[in-house]
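Report on the structure given below.
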Amino acid sequence: MKVGVWNVRGMNGGIKQHEVVSFFQQNKLDIMGINESRIRRGNFCAVSRRRFSGFQIIHNYSDHPNGRLWAIWRRGDIQVQLLNSGSQWLHLQVVEDACSFLITFVYGLNDCNTPI
């Protein structure tokens with residue numbers, strides 16, 4: 001199981017979206033956390049259809065309007081279930097064949113007044 005994480009610092013442009021997919025494929029990742037997507041909730045469907053059509057995506061738009069965190073994986077390769085989320089984390093259960101584990105992708109907001 002190969003896991004990757006990238007703080008993309010904005011993924012609104014097509015070039016960055018392409019780079020994210022290329023990084024996933026070139027490194028033969030099974031699941032990837034994307035920090036700071038900066039894609040607004042209203043643009044999520046269009047972006048996910050255009051650039052991430054072969055992927056499943058879990059995000060934290062219900063906890064933050066800019067969806068700071070995404071988790072992406074190829075459809076059919078693994079099973080992923082959202083256990084909990086907040087404005088700064090996604091807590092997931094990942095299952096591949098007989099192997100199961102928990103993973104938490106965390107975004108550290110640079111604000112001393114906002115606890116994790």
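To be explicit about the labels: the chains of the structure tokens are called A, B, and onward in the order shown, and within each one the residues are counted from 1, while ligands get numbers from 1 in the order they are shown.
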Shell around range 88-103 of chain A at 7 Å using only C-alpha atoms, local window under 5 positions removed, as number ranges by chain: A: 60, 78-83, 108, 116
Test item: residues at most 9 Å from range 17-28 of chain A, only C-alpha atoms, excluding those fewer than 5 positions along its chain, as a ChimeraX atom specification: /A:2,4,6,8,11-12,34,47,51-52,73
Point-to-point distance from CA of Gly10 in chain A to CA of Arg74 in chain A, Å rounded to tenths: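 Between these atoms lies a distance of 21.6 Å.
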Contacts of Arg9 in chain A within 8 Å, only C-alpha atoms, excl. fewer than 4 positions in-chain, as a PyMOL selection string: chain A and resi 35-38
Distance query Arg40 in chain A at most 12 Å, only C-alpha atoms, self and fewer than 5 positions along chain excluded, as an MDAnalysis selection string: chainID A and resid 10:12 45:48 59:62 64:69
All residues 7 Å or closer to Ile72 in chain A, only C-alpha atoms, same chain fewer than 5 positions away omitted, as a ChimeraX atom specification: /A:31-33,55-58
Every residue of chain A that DSSP places in strand (DSSP E), as a PyMOL selection string: chain A and resi 3-7+31-35+55-59+69-74+79-86+89-96+99-106
For the residues in that selection, give me C-alpha atoms as a short mmCIF file (atom, residue, chain, number, x, y, z; two decimals), in the first residue's frame.
data_model
loop_
_atom_site.label_atom_id
_atom_site.label_comp_id
_atom_site.auth_asym_id
_atom_site.auth_seq_id
_atom_site.Cartn_x
_atom_site.Cartn_y
_atom_site.Cartn_z
CA VAL A 3 0.29 6.49 0.50
CA GLY A 4 1.19 10.01 -0.60
CA VAL A 5 0.44 13.50 0.69
CA TRP A 6 0.91 16.82 -1.11
CA ASN A 7 0.29 20.35 0.11
CA ILE A 31 -4.31 6.71 -1.84
CA MET A 32 -3.26 10.34 -1.62
CA GLY A 33 -4.07 13.20 0.72
CA ILE A 34 -4.26 16.64 -0.88
CA ASN A 35 -3.84 19.62 1.43
CA PHE A 55 -10.90 8.60 -8.84
CA GLN A 56 -13.03 8.44 -5.75
CA ILE A 57 -12.73 11.53 -3.55
CA ILE A 58 -13.53 12.25 0.08
CA HIS A 59 -13.27 15.87 1.17
CA LEU A 69 -8.45 18.40 2.44
CA TRP A 70 -9.15 15.79 -0.18
CA ALA A 71 -8.34 12.08 -0.17
CA ILE A 72 -8.22 10.49 -3.63
CA TRP A 73 -7.88 6.88 -4.77
CA ARG A 74 -8.57 4.86 -7.90
CA GLN A 79 -12.28 0.71 -0.15
CA VAL A 80 -12.19 3.91 1.88
CA GLN A 81 -14.68 5.01 4.50
CA LEU A 82 -14.84 8.40 6.17
CA LEU A 83 -14.90 7.91 9.94
CA ASN A 84 -14.64 11.53 11.04
CA SER A 85 -13.68 14.92 9.68
CA GLY A 86 -13.12 18.47 10.79
CA TRP A 89 -8.51 16.63 9.27
CA LEU A 90 -9.96 13.61 7.48
CA HIS A 91 -9.96 10.35 9.47
CA LEU A 92 -10.44 7.32 7.21
CA GLN A 93 -10.52 3.55 7.26
CA VAL A 94 -8.77 1.96 4.28
CA VAL A 95 -9.35 -1.67 3.25
CA GLU A 96 -7.39 -3.55 0.61
CA CYS A 99 -5.53 -5.54 5.10
CA SER A 100 -7.31 -2.75 6.96
CA PHE A 101 -5.86 0.36 8.59
CA LEU A 102 -6.77 3.83 9.78
CA ILE A 103 -5.24 6.97 8.32
CA THR A 104 -5.68 10.62 9.21
CA PHE A 105 -4.76 13.42 6.83
CA VAL A 106 -4.14 16.64 8.76
#
Residue list (alpha helix (DSSP H), DSSP) for chain A, as a PyMOL selection string: chain A and resi 14-26+41-51
Separation of CA of Lys16 in chain A from CA of Ile39 in chain A, in Å and rounded to one decimal: 11.7 Å
A:Arg41, A:Leu29, A:Gly54, A:Tyr107 ranked by distance to Arg75 in chain A, top pick (using only C-alpha atoms):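 Of A:Arg41, A:Leu29, A:Gly54, A:Tyr107, the one nearest Arg75 in chain A is A:Gly54, counting only C-alpha atoms.
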